[in-house]
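Peer 1: Got a structure for you, written out below as structure tokens; questions coming shortly.
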Amino acid sequence: MDEGAVRYTQAVLIDDSQSIHKGDFILESNGGWHFSKGDEDVLETIDGKNRLITRSLQNWHTHLAMQLNARDFSDGLHLEEWLQKSIFPTEKNLDPEMCSIGVKAAAAEMIRNGCSFANDMYHFPEAIGPVLKKAGLRGIVSGPITNWPPSDDAETGEAKRRLQSLLSSQEKNSKVSYGVASHSVYTCSEETLLSGKELAEKYDSPLHIHVSETRKEVAECYKKHGLYPIEYLDKIDYFIQDKVRCAHGSWVKKNEMRLLKKHLAKVIHCPSSNMKLACGGT
């Protein structure tokens with residue numbers, strides 16, 4: 001018997017094929033399981049009543065460090081007002097230590113809720129990755145390439161240089177890897193968007209971007225470019241095949257859906273965020 005095996009009694013288990021089982025189970029330290037006979041020598045026996053045993057959850061769009069400056073902060077505002085009046089001003093004062101503290105709090109919450117993976121987008125990724133790794137969690141940590149300066153001037157390219165250093169030195173097959181984030185079409189110029197794409201291509205990294213989160217974003221993009229956000233990204237040749245993760249996608253036209261399919265881009269649905277900021281959706 002596995003020395004790290006644990007017995008759960010009267011539990012519900014969902015296996016990898018999504019089949020549901022009820023009863024007593026032995027969970028092995030390598031992730032395997034089988035029904036318990038009741039006489040196995042185990043590390044611990046846990047009452048599984050009202051418990052669900054399943055593979056851990058994954059959160060594919062996070063800003064983990066925002067535990068410090070966004071949780072229960074400025075509720076009742078639409079996204080644009082929330083960003084301009086509350087979030088962007090506070091982010092000007094961010095530093096690596098603050099991000100590290102925020103991620104520690106977020107990591108504890110992830111573990112408590114059975115979430116083992118985060119696809120994160122935030123400033124100072126060099127402070128975020130080590131915290132996830134130390135907590136035993138998995139993640140893709142993407143540093144934003146944007147024209148909005150949080151704590152250093154984005155025009156100097158300092159944030160990009162720090163991210164490039166992480167991408168060039170990251171370990172293969174590590175539980176925590178690094179990627180590139182373009183914040184959005186409304187905070188990035190065409191040049192900045194393509195600069196992020198170039199960096200992702202160079203290091204074969206994923207691209208993470210907010211897209212079509214609100215009706216206002218979509219309307220302003222169309223007014224400025226004569227195209228909807230995903231059409232605009234397609235026109236400037238932003239997409240890397242099967243590498244782009246589009247967060248939200250709440251207001252997407254049918255033609256844009258076809259473009260997403262063409263580029264094998266993934267859309268990440270964010271219902272809690274959309275409800276907090278009254279984004280609506282289609």
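A note on labels: chains of the structure tokens are A, B, ... as shown, every chain counts residues from 1, and ligands are counted from 1 in their shown order.
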Write out as a PyMOL selection string each polymer residue whose atoms come within 7 Å of region 185-195 of chain A, counting only C-alpha atoms; drop sequence neighbours fewer than 4 positions from it.

Peer 2: chain A and resi 145-148+199+229+238

Peer 1: Keeping only C-alpha atoms, write those residues as a PDB file, in the first residue's frame.

Peer 2:
```pdb
ATOM      1  CA  ILE A 145       3.163  44.522 -22.597  1.00  0.00           C
ATOM      2  CA  THR A 146       1.040  47.670 -22.518  1.00  0.00           C
ATOM      3  CA  ASN A 147       1.071  51.412 -23.081  1.00  0.00           C
ATOM      4  CA  TRP A 148      -0.436  52.019 -19.662  1.00  0.00           C
ATOM      5  CA  LEU A 199       8.112  38.182 -28.010  1.00  0.00           C
ATOM      6  CA  PRO A 229     -11.836  43.922 -31.617  1.00  0.00           C
ATOM      7  CA  TYR A 238      -1.813  39.493 -34.038  1.00  0.00           C
TER       8      TYR A 238
END
```

Peer 1: From a DSSP pass on the backbone, collect the residues of region 100-281 of chain A flagged as helix (DSSP H, G or I) and hand them back as number ranges by chain.

Peer 2: A: 100-112, 125-134, 154-156, 158-169, 190-202, 215-225, 229-235, 254-262, 271-276

Peer 1: So which one's closest to Arg245 (chain A), A:Arg138, A:His78, A:Lys175, A:His263? Using only C-alpha atoms, please.

Peer 2: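 Result for the nearest residue to Arg245 (chain A): A:His263.
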
Peer 1: Write out as a PyMOL selection string the set of residues from region 154-216 of chain A that DSSP, computed on the backbone, places in strand (DSSP E or B).

Peer 2: chain A and resi 176-182+207-211

Peer 1: For the residues in that selection, give me C-alpha atoms as a PDB file, in the first residue's frame.

Peer 2:
```pdb
ATOM      1  CA  VAL A 176       5.237  27.425 -13.363  1.00  0.00           C
ATOM      2  CA  SER A 177       6.034  28.882 -16.779  1.00  0.00           C
ATOM      3  CA  TYR A 178       5.902  32.384 -18.228  1.00  0.00           C
ATOM      4  CA  GLY A 179       3.980  33.918 -21.094  1.00  0.00           C
ATOM      5  CA  VAL A 180       3.185  37.253 -22.718  1.00  0.00           C
ATOM      6  CA  ALA A 181       0.117  39.396 -22.083  1.00  0.00           C
ATOM      7  CA  SER A 182      -1.213  42.237 -24.197  1.00  0.00           C
ATOM      8  CA  LEU A 207      -0.441  35.144 -25.603  1.00  0.00           C
ATOM      9  CA  HIS A 208      -3.038  36.347 -23.094  1.00  0.00           C
ATOM     10  CA  ILE A 209      -5.328  39.322 -23.841  1.00  0.00           C
ATOM     11  CA  HIS A 210      -8.622  40.896 -22.700  1.00  0.00           C
ATOM     12  CA  VAL A 211     -10.993  40.985 -25.684  1.00  0.00           C
TER      13      VAL A 211
END
```

Peer 1: Taking into account only C-alpha atoms, which residue in the set A:Arg55, A:Val42, A:Thr214, A:Ala135 is nearest to Glu109 (chain A)?

Peer 2: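 The answer is A:Ala135, which sits nearest to Glu109 (chain A).
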
Peer 1: Excluding Val141 (chain A) and residues on its chain fewer than 6 positions from it, collect all residues at most 10 Å away from it, counting only C-alpha atoms, and give them as a PDB file with N, CA and C atoms, in the first residue's frame.

Peer 2:
```pdb
ATOM      1  N   THR A  62      -6.649  35.062 -14.442  1.00  0.00           N
ATOM      2  CA  THR A  62      -6.515  35.626 -13.101  1.00  0.00           C
ATOM      3  C   THR A  62      -5.617  36.858 -13.101  1.00  0.00           C
ATOM      4  N   HIS A  63      -5.841  37.672 -12.072  1.00  0.00           N
ATOM      5  CA  HIS A  63      -4.927  38.748 -11.685  1.00  0.00           C
ATOM      6  C   HIS A  63      -4.700  38.532 -10.184  1.00  0.00           C
ATOM      7  N   LEU A  64      -3.915  37.534  -9.844  1.00  0.00           N
ATOM      8  CA  LEU A  64      -3.824  37.060  -8.465  1.00  0.00           C
ATOM      9  C   LEU A  64      -3.442  38.152  -7.475  1.00  0.00           C
ATOM     10  N   ALA A 118      -3.339  28.454 -12.260  1.00  0.00           N
ATOM     11  CA  ALA A 118      -3.799  29.793 -12.632  1.00  0.00           C
ATOM     12  C   ALA A 118      -3.074  30.266 -13.884  1.00  0.00           C
ATOM     13  N   ASN A 119      -3.829  30.826 -14.812  1.00  0.00           N
ATOM     14  CA  ASN A 119      -3.267  31.483 -15.991  1.00  0.00           C
ATOM     15  C   ASN A 119      -3.313  32.978 -15.697  1.00  0.00           C
ATOM     16  N   ASP A 120      -2.214  33.516 -15.183  1.00  0.00           N
ATOM     17  CA  ASP A 120      -2.225  34.852 -14.594  1.00  0.00           C
ATOM     18  C   ASP A 120      -1.687  35.914 -15.543  1.00  0.00           C
ATOM     19  N   MET A 121      -2.236  37.100 -15.410  1.00  0.00           N
ATOM     20  CA  MET A 121      -1.770  38.271 -16.154  1.00  0.00           C
ATOM     21  C   MET A 121      -1.637  39.419 -15.165  1.00  0.00           C
ATOM     22  N   TYR A 122      -0.395  39.822 -14.884  1.00  0.00           N
ATOM     23  CA  TYR A 122      -0.235  40.971 -13.988  1.00  0.00           C
ATOM     24  C   TYR A 122       1.192  41.484 -14.013  1.00  0.00           C
ATOM     25  N   HIS A 123       1.338  42.668 -13.439  1.00  0.00           N
ATOM     26  CA  HIS A 123       2.639  43.313 -13.368  1.00  0.00           C
ATOM     27  C   HIS A 123       3.586  42.532 -12.459  1.00  0.00           C
ATOM     28  N   PHE A 124       4.860  42.679 -12.702  1.00  0.00           N
ATOM     29  CA  PHE A 124       5.924  42.044 -11.930  1.00  0.00           C
ATOM     30  C   PHE A 124       5.778  40.518 -11.863  1.00  0.00           C
ATOM     31  N   PRO A 125       5.729  39.868 -13.019  1.00  0.00           N
ATOM     32  CA  PRO A 125       5.620  38.400 -13.023  1.00  0.00           C
ATOM     33  C   PRO A 125       6.783  37.730 -12.310  1.00  0.00           C
ATOM     34  N   GLU A 126       7.932  38.407 -12.239  1.00  0.00           N
ATOM     35  CA  GLU A 126       9.088  37.839 -11.548  1.00  0.00           C
ATOM     36  C   GLU A 126       8.832  37.677 -10.051  1.00  0.00           C
ATOM     37  N   ALA A 127       7.838  38.410  -9.518  1.00  0.00           N
ATOM     38  CA  ALA A 127       7.470  38.270  -8.110  1.00  0.00           C
ATOM     39  C   ALA A 127       6.333  37.278  -7.912  1.00  0.00           C
ATOM     40  N   ILE A 128       5.604  36.987  -8.973  1.00  0.00           N
ATOM     41  CA  ILE A 128       4.422  36.125  -8.882  1.00  0.00           C
ATOM     42  C   ILE A 128       4.777  34.652  -9.036  1.00  0.00           C
ATOM     43  N   GLY A 129       5.584  34.337 -10.048  1.00  0.00           N
ATOM     44  CA  GLY A 129       5.939  32.946 -10.322  1.00  0.00           C
ATOM     45  C   GLY A 129       6.527  32.209  -9.135  1.00  0.00           C
ATOM     46  N   LEU A 132       3.841  31.098  -6.522  1.00  0.00           N
ATOM     47  CA  LEU A 132       3.050  29.944  -6.958  1.00  0.00           C
ATOM     48  C   LEU A 132       3.859  28.659  -6.834  1.00  0.00           C
ATOM     49  N   LEU A 163      10.390  40.846 -18.524  1.00  0.00           N
ATOM     50  CA  LEU A 163       9.664  39.667 -18.988  1.00  0.00           C
ATOM     51  C   LEU A 163      10.538  38.827 -19.909  1.00  0.00           C
ATOM     52  N   VAL A 176       5.568  26.020 -13.115  1.00  0.00           N
ATOM     53  CA  VAL A 176       5.237  27.425 -13.363  1.00  0.00           C
ATOM     54  C   VAL A 176       6.053  27.923 -14.553  1.00  0.00           C
ATOM     55  N   SER A 177       5.362  28.354 -15.592  1.00  0.00           N
ATOM     56  CA  SER A 177       6.034  28.882 -16.779  1.00  0.00           C
ATOM     57  C   SER A 177       5.585  30.327 -17.002  1.00  0.00           C
ATOM     58  N   TYR A 178       6.194  30.971 -17.978  1.00  0.00           N
ATOM     59  CA  TYR A 178       5.902  32.384 -18.228  1.00  0.00           C
ATOM     60  C   TYR A 178       5.389  32.584 -19.649  1.00  0.00           C
ATOM     61  N   GLY A 179       4.547  33.589 -19.797  1.00  0.00           N
ATOM     62  CA  GLY A 179       3.980  33.918 -21.094  1.00  0.00           C
ATOM     63  C   GLY A 179       3.930  35.420 -21.283  1.00  0.00           C
ATOM     64  N   VAL A 180       3.277  35.839 -22.364  1.00  0.00           N
ATOM     65  CA  VAL A 180       3.185  37.253 -22.718  1.00  0.00           C
ATOM     66  C   VAL A 180       1.726  37.682 -22.683  1.00  0.00           C
ATOM     67  N   ALA A 181       1.475  38.860 -22.126  1.00  0.00           N
ATOM     68  CA  ALA A 181       0.117  39.396 -22.083  1.00  0.00           C
ATOM     69  C   ALA A 181       0.070  40.758 -22.760  1.00  0.00           C
ATOM     70  N   PRO A 206       2.583  31.361 -24.829  1.00  0.00           N
ATOM     71  CA  PRO A 206       1.192  31.741 -25.075  1.00  0.00           C
ATOM     72  C   PRO A 206       1.002  33.250 -24.978  1.00  0.00           C
ATOM     73  N   HIS A 208      -1.861  36.182 -23.943  1.00  0.00           N
ATOM     74  CA  HIS A 208      -3.038  36.347 -23.094  1.00  0.00           C
ATOM     75  C   HIS A 208      -3.529  37.784 -23.263  1.00  0.00           C
TER      76      HIS A 208
END
```

Peer 1: Restricting the calculation to only C-alpha atoms: of A:Asp242, A:Leu68, A:Thr45, A:Gly136, which residue gets closest to Ala105 (chain A)?

Peer 2: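 For Ala105 (chain A), the nearest of the given residues is A:Leu68.
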
Peer 1: Could you name the residues that touch Gly31 (chain A) at 12 Å or less, counting only C-alpha atoms, but leaving out those on the same chain fewer than 4 positions away, as a PyMOL selection string?

Peer 2: chain A and resi 2+4-6+15-16+26-27+53-56

Peer 1: Considering only C-alpha atoms, state which residue in the set A:Tyr222, A:Gly196, A:Leu83, A:Asp47 is at the smallest distance from Lys160 (chain A).

Peer 2: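 Ranked by minimum distance to Lys160 (chain A), first place goes to A:Gly196.
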